[in-house]
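*Asks:* Contents are compact mmCIF, C-alpha atoms and all ligand atoms; file name target_10.txt:
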```txt
# COMPACT_ATOMS: atom_id res chain seq x y z
CA MET U 161 12.68 -33.69 -40.54
CA THR U 162 13.43 -29.99 -40.51
CA ARG U 163 12.63 -27.88 -37.53
CA PRO U 164 11.28 -24.35 -38.13
CA SER U 165 13.98 -21.74 -37.76
CA GLN U 166 13.67 -19.05 -35.15
CA ALA U 167 12.97 -16.56 -37.98
CA ASP U 168 10.04 -18.72 -39.13
CA ILE U 169 8.62 -18.75 -35.62
CA TYR U 170 8.93 -14.98 -35.26
CA ALA U 171 7.31 -14.49 -38.68
CA ALA U 172 4.40 -16.72 -37.66
CA LEU U 173 3.94 -14.86 -34.39
CA ALA U 174 4.05 -11.48 -36.13
CA ALA U 175 1.46 -12.59 -38.67
CA GLN U 176 -0.76 -13.85 -35.87
CA SER U 177 -0.62 -10.68 -33.81
CA SER U 178 -1.23 -8.37 -36.76
CA SER U 179 -4.22 -10.40 -37.90
CA SER U 180 -5.75 -10.39 -34.45
CA PHE U 181 -5.71 -6.57 -34.53
CA ARG U 182 -7.05 -6.41 -38.07
CA LYS U 183 -10.71 -6.24 -37.32
CA PRO U 184 -13.25 -3.87 -38.82
CA ALA U 185 -12.77 -0.61 -36.96
CA ALA U 186 -16.03 0.94 -35.83
CA PRO U 187 -16.53 4.44 -37.23
CA THR U 188 -15.90 6.46 -34.11
CA ALA U 189 -15.71 10.16 -33.41
CA PRO U 190 -13.97 12.20 -30.71
CA TYR U 191 -15.87 14.23 -28.14
CA SER U 192 -14.95 17.37 -30.11
CA ALA U 193 -17.11 16.14 -33.02
CA PHE U 194 -20.21 16.77 -30.91
CA PRO U 195 -21.07 20.49 -30.72
CA ASP U 196 -23.47 19.87 -27.85
CA PRO U 197 -22.25 16.85 -25.88
CA SER U 198 -24.82 17.47 -23.13
CA SER U 199 -27.63 16.54 -25.50
CA GLU U 200 -25.83 14.36 -28.03
CA LEU U 201 -23.94 12.07 -25.67
CA ILE U 202 -25.91 12.33 -22.44
CA THR U 203 -29.48 11.38 -21.69
CA PRO U 204 -31.72 11.20 -18.61
CA SER U 205 -31.40 7.76 -17.07
CA GLY U 206 -35.14 7.21 -17.17
CA SER U 207 -35.21 6.37 -13.48
CA GLY U 208 -34.36 8.97 -10.87
CA PRO U 209 -32.60 12.25 -11.41
CA SER U 210 -29.33 10.95 -12.79
CA ARG U 211 -28.03 11.17 -16.35
CA VAL U 212 -26.21 8.49 -18.31
CA ASN U 213 -24.21 8.12 -21.50
CA CYS U 214 -26.61 7.57 -24.41
CA THR U 215 -24.16 6.00 -26.84
CA ARG U 216 -21.51 3.34 -26.65
CA VAL U 217 -17.99 4.35 -25.65
CA TYR U 218 -14.89 3.25 -27.53
CA CYS U 219 -11.10 3.31 -27.21
CA PRO U 220 -9.73 6.59 -28.64
CA ARG U 221 -6.88 4.99 -30.54
CA GLU U 222 -7.26 5.18 -34.33
CA GLY U 223 -7.46 1.59 -35.58
CA CYS U 224 -8.26 0.06 -32.17
CA GLY U 225 -11.78 1.18 -31.36
CA SER U 226 -12.24 -1.48 -28.69
CA LEU U 227 -15.67 -1.26 -27.05
CA ILE U 228 -15.20 0.10 -23.53
CA LEU U 229 -18.72 0.75 -22.30
CA MET U 230 -22.27 0.08 -23.43
CA ASP U 231 -24.71 2.94 -23.66
CA ARG U 232 -26.40 3.79 -20.33
CA ALA U 233 -23.71 2.00 -18.32
CA GLY U 234 -22.14 5.14 -16.86
CA GLU U 235 -23.63 7.80 -14.64
CA VAL U 236 -22.72 11.34 -15.73
CA LEU U 237 -21.01 13.63 -13.23
CA GLU U 238 -20.27 17.28 -13.86
CA SER U 239 -17.16 18.82 -12.37
CA ASP U 240 -14.80 21.78 -12.67
CA VAL U 241 -11.79 19.68 -11.77
CA GLU U 242 -9.29 18.56 -14.39
CA VAL U 243 -8.45 15.16 -12.97
CA LEU U 244 -6.21 13.32 -15.38
CA PRO U 245 -2.59 14.30 -15.94
CA TYR U 246 -1.83 15.68 -19.37
CA HIS U 247 1.40 15.44 -21.30
CA THR U 248 2.17 17.37 -24.47
CA GLY U 249 2.22 14.93 -27.32
CA SER U 250 -0.41 12.67 -25.79
CA PRO U 251 -3.35 11.92 -28.07
CA PHE U 252 -5.78 13.52 -25.62
CA PRO U 253 -7.29 16.99 -25.75
CA PRO U 254 -5.44 19.54 -23.58
CA PRO U 255 -6.87 20.43 -20.15
CA ASN U 256 -8.46 23.67 -21.35
CA PHE U 257 -10.66 21.80 -23.80
CA PRO U 258 -13.37 22.80 -24.36
CA PRO U 259 -12.16 26.39 -23.92
CA SER U 260 -14.15 28.09 -21.20
CA SER U 261 -15.85 31.41 -21.71
CA PRO U 262 -17.60 33.41 -18.98
CA GLU U 263 -20.90 33.49 -20.89
CA LYS U 264 -20.90 29.74 -21.25
CA ALA U 265 -19.66 28.87 -17.78
CA SER U 266 -22.41 26.31 -17.26
CA ALA U 267 -21.74 24.76 -20.64
CA THR U 268 -18.08 24.25 -19.89
CA LYS U 269 -18.50 21.88 -16.97
CA LEU U 270 -16.40 18.78 -17.49
CA HIS U 271 -18.24 15.52 -17.94
CA TYR U 272 -17.13 12.31 -16.29
CA LEU U 273 -18.78 8.92 -16.26
CA TYR U 274 -19.01 6.95 -13.02
CA ILE U 275 -19.07 3.21 -13.50
CA PRO U 276 -19.89 1.30 -10.31
CA SER U 277 -17.79 -1.81 -10.89
CA PRO U 278 -15.35 -3.36 -13.36
CA PHE U 279 -18.14 -5.71 -14.47
CA HIS U 280 -20.13 -2.79 -15.89
CA PHE U 281 -17.39 -2.19 -18.45
CA GLU U 282 -17.28 -4.21 -21.67
CA ASN U 283 -13.50 -4.02 -21.81
CA ILE U 284 -11.18 -2.06 -19.56
CA GLY U 285 -7.70 -2.36 -18.13
CA TYR U 286 -6.50 -1.08 -14.75
CA SER U 287 -2.92 0.02 -14.20
CA ARG U 288 -1.06 -0.94 -11.06
CA PRO U 289 -1.62 1.45 -8.17
CA ASP U 290 0.35 4.63 -8.92
CA LYS U 291 2.24 5.64 -5.79
CA SER U 292 3.68 8.75 -7.42
CA MET U 293 0.46 10.65 -8.03
CA ALA U 294 -2.38 12.02 -6.00
CA LEU U 295 -5.44 13.38 -7.77
CA PRO U 296 -6.20 17.11 -7.51
CA PRO U 297 -8.51 18.17 -4.65
CA GLY U 298 -12.17 17.83 -5.54
CA SER U 299 -11.64 14.99 -8.01
CA PRO U 300 -14.68 12.73 -8.23
CA GLY U 301 -14.14 9.68 -6.05
CA LEU U 302 -11.63 11.29 -3.68
CA GLN U 303 -14.36 11.67 -1.07
CA GLY U 304 -15.93 8.34 -1.93
CA VAL U 305 -19.01 7.90 -4.05
CA PRO U 306 -21.53 10.72 -3.63
CA SER U 307 -24.42 9.71 -1.43
CA GLY U 308 -27.65 9.71 -3.33
CA SER U 309 -25.96 8.08 -6.26
CA GLY U 310 -28.28 5.28 -7.25
CA GLN U 311 -25.35 2.99 -7.91
CA SER U 312 -23.35 3.63 -4.79
CA LYS U 313 -24.82 0.79 -2.75
CA GLY U 314 -22.14 -1.49 -1.44
CA VAL U 315 -19.25 0.82 -2.27
CA GLU U 316 -17.35 1.36 0.93
CA GLY U 317 -14.19 2.96 -0.41
CA ASN U 318 -13.38 6.54 0.41
CA GLY U 319 -10.86 7.21 -2.29
CA LYS U 320 -7.91 6.93 0.11
CA GLY U 321 -6.39 4.10 -1.86
CA LYS U 322 -3.70 4.72 -4.44
CA VAL U 323 -4.81 5.84 -7.86
CA LYS U 324 -5.17 3.23 -10.60
CA TRP U 325 -5.41 4.47 -14.19
CA LEU U 326 -8.00 3.11 -16.59
CA ILE U 327 -6.53 2.03 -19.90
CA CYS U 328 -7.82 0.31 -23.04
CA ALA U 329 -7.83 -3.44 -22.40
CA GLU U 330 -6.91 -4.06 -26.04
CA CYS U 331 -4.10 -1.59 -26.76
CA ASP U 332 -3.21 -0.12 -23.31
CA LEU U 333 -3.84 3.49 -24.38
CA GLY U 334 -4.59 5.67 -21.40
CA PRO U 335 -5.32 7.02 -19.02
CA VAL U 336 -8.92 7.45 -20.10
CA GLY U 337 -10.05 7.45 -16.49
CA TRP U 338 -9.16 6.50 -12.94
CA GLY U 339 -10.10 4.36 -9.99
CA PHE U 340 -8.67 3.66 -6.56
CA GLU U 341 -6.95 0.68 -5.04
CA GLY U 342 -9.48 -1.19 -2.92
CA MET U 343 -12.46 0.50 -4.54
CA GLU U 344 -14.65 -1.09 -7.18
CA GLY U 345 -15.83 1.85 -9.25
CA GLY U 346 -14.10 3.81 -11.96
CA TRP U 347 -14.44 7.23 -13.58
CA VAL U 348 -14.01 7.91 -17.30
CA ASP U 349 -13.19 11.35 -18.73
CA MET U 350 -15.73 11.76 -21.52
CA ARG U 351 -13.29 13.89 -23.52
CA ARG U 352 -10.77 11.06 -23.72
CA VAL U 353 -12.89 8.38 -25.33
CA ARG U 354 -14.69 8.04 -28.64
CA TYR U 355 -18.30 7.61 -29.66
CA PRO U 356 -20.18 6.34 -32.69
CA ALA U 357 -19.64 8.91 -35.45
CA PRO U 358 -22.59 11.34 -35.45
CA ALA U 359 -24.30 9.71 -38.47
CA ALA U 360 -23.84 6.24 -37.00
CA ALA U 361 -25.06 7.46 -33.62
CA SER U 362 -28.37 8.66 -35.01
CA ALA U 363 -28.77 5.41 -36.94
CA GLU U 364 -28.16 3.52 -33.69
CA LYS U 365 -30.80 5.62 -31.95
CA GLU U 366 -33.34 5.07 -34.71
CA LYS U 367 -32.77 1.34 -34.54
CA GLU U 368 -33.66 1.42 -30.85
CA GLU U 369 -36.91 3.30 -31.42
ZN ZN Y 1 -7.49 0.53 -27.63
```
When written as structure tokens, how does the structure in this file appear?
*Replies:*
Amino acid sequence: MTRPSQADIYAALAAQSSSSFRKPAAPTAPYSAFPDPSSELITPSGSGPSRVNCTRVYCPREGCGSLILMDRAGEVLESDVEVLPYHTGSPFPPPNFPPSSPEKASATKLHYLYIPSPFHFENIGYSRPDKSMALPPGSPGLQGVPSGSGQSKGVEGNGKGKVKWLICAECDLGPVGWGFEGMEGGWVDMRRVRYPAPAAASAEKEKEE
């Protein structure tokens, strides 16, 4: 009886892992593909004054496309604060995106999604608490969850915990958002994730109606 060689075992493992990633990639589009994100990606929640994401949210990595969030699962926050660190060479848009212009000051607010607990995500990974970084002043979540937020019930954290980065649960790409040690909720930068490609998005909407 011959035992499989180590090379055979490695080959089998490699075949297995590549096939598990070879799934039909959803046709997704970056935030920049939407000329008017405020109307194309955001919708009134239908109850109360808050706004929510109106399409599904996917991992930004080409060829991954893991589903991160269902439509209407995140509450939209507007902010002027660039929260996530940016490194040249990262796949994410630079901090000055979209470029601000004085005439369009209101249109250049940054959009973040607040998700009240890990269970409201479809798939998400959390990094270990990052002791080396503090978020810039004014970052959503630093002062706790805004009162009046319909989903804030039961959230006691005040953002004093260490930062934890949100990453794709499938391929580890990130950060696409942040959370805090000891706090349930998370925030996703809407510029760092992907959405159904515009044609697919309208088809999805029509299907709902
Ligand atoms: Zn991914």
*Asks:* Kindly provide, as a VMD selection string, all nucleotide and amino acid residues lying within 6 Å of ligand ZN 1 (chain Y), counting only C-alpha atoms and all ligand atoms.
*Replies:* chain U and resid 219 221 224 to 226 328 330 to 331 333
*Asks:* What does the structure give for the distance between atom CA of U:Met293 and atom CA of U:Met230, in Å to one decimal?
*Replies:*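 Going from atom CA of U:Met293 over to atom CA of U:Met230 covers 29.4 Å.
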*Asks:* From the options U:Pro278, U:Gly234, U:Gly206, U:Gly339, which residue's atoms come nearest to U:Leu295, counting only C-alpha atoms?
*Replies:*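 That would be U:Gly339, the residue with the smallest distance to U:Leu295.
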*Asks:* As a list in words, please: the residues near U:Val348 (cut-off 6 Å, only C-alpha atoms, same-chain neighbours under 2 positions excluded).
*Replies:* Tyr272, Leu273, Val336, Gly337 and Met350 of chain U
*Asks:* Select, from U:Arg232, U:Lys322, U:Arg211, U:Arg351, the residue with the minimum atom-to-atom distance to U:Pro335, counting all atoms listed in the file.
*Replies:*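 Residue with the minimum atom-to-atom distance to U:Pro335: U:Arg351.
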*Asks:* Which residue out of U:Thr215, U:Gln303, U:Asn283, U:Ser277 has the minimum interatomic distance to U:Ile202 when only C-alpha atoms are used?
*Replies:*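 Nearest candidate to U:Ile202 out of U:Thr215, U:Gln303, U:Asn283, U:Ser277: U:Thr215.
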*Asks:* Counting only C-alpha atoms, figure out which residue out of U:Pro289, U:Pro187, U:Pro297, U:Gly304 gets nearest to U:Tyr218.
*Replies:*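 Closest residue, counting only C-alpha atoms: U:Pro187.
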*Asks:* Atoms are missing here; could stretch 213-235 of chain U be completed with N, CA and C atoms and written as a PDB file, keeping the file's coordinate frame?
*Replies:*
```
ATOM      1  N   ASN U 213     -24.688   8.009 -20.127  1.00  0.00           N
ATOM      2  CA  ASN U 213     -24.210   8.120 -21.500  1.00  0.00           C
ATOM      3  C   ASN U 213     -25.220   7.461 -22.435  1.00  0.00           C
ATOM      4  N   CYS U 214     -25.566   8.138 -23.545  1.00  0.00           N
ATOM      5  CA  CYS U 214     -26.610   7.570 -24.410  1.00  0.00           C
ATOM      6  C   CYS U 214     -26.054   6.827 -25.614  1.00  0.00           C
ATOM      7  N   THR U 215     -24.732   6.802 -25.753  1.00  0.00           N
ATOM      8  CA  THR U 215     -24.160   6.000 -26.840  1.00  0.00           C
ATOM      9  C   THR U 215     -23.082   5.087 -26.258  1.00  0.00           C
ATOM     10  N   ARG U 216     -22.630   4.172 -27.076  1.00  0.00           N
ATOM     11  CA  ARG U 216     -21.510   3.340 -26.650  1.00  0.00           C
ATOM     12  C   ARG U 216     -20.232   4.181 -26.570  1.00  0.00           C
ATOM     13  N   VAL U 217     -19.258   3.652 -25.857  1.00  0.00           N
ATOM     14  CA  VAL U 217     -17.990   4.350 -25.650  1.00  0.00           C
ATOM     15  C   VAL U 217     -16.851   3.450 -26.133  1.00  0.00           C
ATOM     16  N   TYR U 218     -15.960   4.037 -26.932  1.00  0.00           N
ATOM     17  CA  TYR U 218     -14.890   3.250 -27.530  1.00  0.00           C
ATOM     18  C   TYR U 218     -13.506   3.786 -27.173  1.00  0.00           C
ATOM     19  N   CYS U 219     -12.507   2.916 -27.353  1.00  0.00           N
ATOM     20  CA  CYS U 219     -11.100   3.310 -27.210  1.00  0.00           C
ATOM     21  C   CYS U 219     -10.805   4.443 -28.207  1.00  0.00           C
ATOM     22  N   PRO U 220     -10.024   5.449 -27.762  1.00  0.00           N
ATOM     23  CA  PRO U 220      -9.730   6.590 -28.640  1.00  0.00           C
ATOM     24  C   PRO U 220      -8.666   6.313 -29.682  1.00  0.00           C
ATOM     25  N   ARG U 221      -7.984   5.174 -29.592  1.00  0.00           N
ATOM     26  CA  ARG U 221      -6.880   4.990 -30.540  1.00  0.00           C
ATOM     27  C   ARG U 221      -7.420   4.656 -31.937  1.00  0.00           C
ATOM     28  N   GLU U 222      -6.924   5.411 -32.926  1.00  0.00           N
ATOM     29  CA  GLU U 222      -7.260   5.180 -34.330  1.00  0.00           C
ATOM     30  C   GLU U 222      -6.868   3.735 -34.652  1.00  0.00           C
ATOM     31  N   GLY U 223      -7.792   2.959 -35.194  1.00  0.00           N
ATOM     32  CA  GLY U 223      -7.460   1.590 -35.580  1.00  0.00           C
ATOM     33  C   GLY U 223      -7.655   0.571 -34.470  1.00  0.00           C
ATOM     34  N   CYS U 224      -7.946   1.019 -33.246  1.00  0.00           N
ATOM     35  CA  CYS U 224      -8.260   0.060 -32.170  1.00  0.00           C
ATOM     36  C   CYS U 224      -9.775   0.021 -32.020  1.00  0.00           C
ATOM     37  N   GLY U 225     -10.327   1.084 -31.437  1.00  0.00           N
ATOM     38  CA  GLY U 225     -11.780   1.180 -31.360  1.00  0.00           C
ATOM     39  C   GLY U 225     -12.425   0.101 -30.509  1.00  0.00           C
ATOM     40  N   SER U 226     -11.678  -0.461 -29.571  1.00  0.00           N
ATOM     41  CA  SER U 226     -12.240  -1.480 -28.690  1.00  0.00           C
ATOM     42  C   SER U 226     -13.441  -0.901 -27.914  1.00  0.00           C
ATOM     43  N   LEU U 227     -14.479  -1.703 -27.773  1.00  0.00           N
ATOM     44  CA  LEU U 227     -15.670  -1.260 -27.050  1.00  0.00           C
ATOM     45  C   LEU U 227     -15.381  -1.225 -25.550  1.00  0.00           C
ATOM     46  N   ILE U 228     -15.492  -0.053 -24.948  1.00  0.00           N
ATOM     47  CA  ILE U 228     -15.200   0.100 -23.530  1.00  0.00           C
ATOM     48  C   ILE U 228     -16.458  -0.019 -22.684  1.00  0.00           C
ATOM     49  N   LEU U 229     -17.525   0.629 -23.148  1.00  0.00           N
ATOM     50  CA  LEU U 229     -18.720   0.750 -22.300  1.00  0.00           C
ATOM     51  C   LEU U 229     -19.960   0.718 -23.184  1.00  0.00           C
ATOM     52  N   MET U 230     -20.985   0.033 -22.722  1.00  0.00           N
ATOM     53  CA  MET U 230     -22.270   0.080 -23.430  1.00  0.00           C
ATOM     54  C   MET U 230     -22.976   1.391 -23.095  1.00  0.00           C
ATOM     55  N   ASP U 231     -23.917   1.766 -23.963  1.00  0.00           N
ATOM     56  CA  ASP U 231     -24.710   2.940 -23.660  1.00  0.00           C
ATOM     57  C   ASP U 231     -25.484   2.711 -22.349  1.00  0.00           C
ATOM     58  N   ARG U 232     -25.667   3.753 -21.595  1.00  0.00           N
ATOM     59  CA  ARG U 232     -26.400   3.790 -20.330  1.00  0.00           C
ATOM     60  C   ARG U 232     -25.689   3.071 -19.183  1.00  0.00           C
ATOM     61  N   ALA U 233     -24.417   2.723 -19.378  1.00  0.00           N
ATOM     62  CA  ALA U 233     -23.710   2.000 -18.320  1.00  0.00           C
ATOM     63  C   ALA U 233     -22.997   2.934 -17.350  1.00  0.00           C
ATOM     64  N   GLY U 234     -22.860   4.204 -17.726  1.00  0.00           N
ATOM     65  CA  GLY U 234     -22.140   5.140 -16.860  1.00  0.00           C
ATOM     66  C   GLY U 234     -23.033   6.281 -16.418  1.00  0.00           C
ATOM     67  N   GLU U 235     -22.862   6.666 -15.161  1.00  0.00           N
ATOM     68  CA  GLU U 235     -23.630   7.800 -14.640  1.00  0.00           C
ATOM     69  C   GLU U 235     -22.824   9.080 -14.834  1.00  0.00           C
TER      70      GLU U 235
END
```
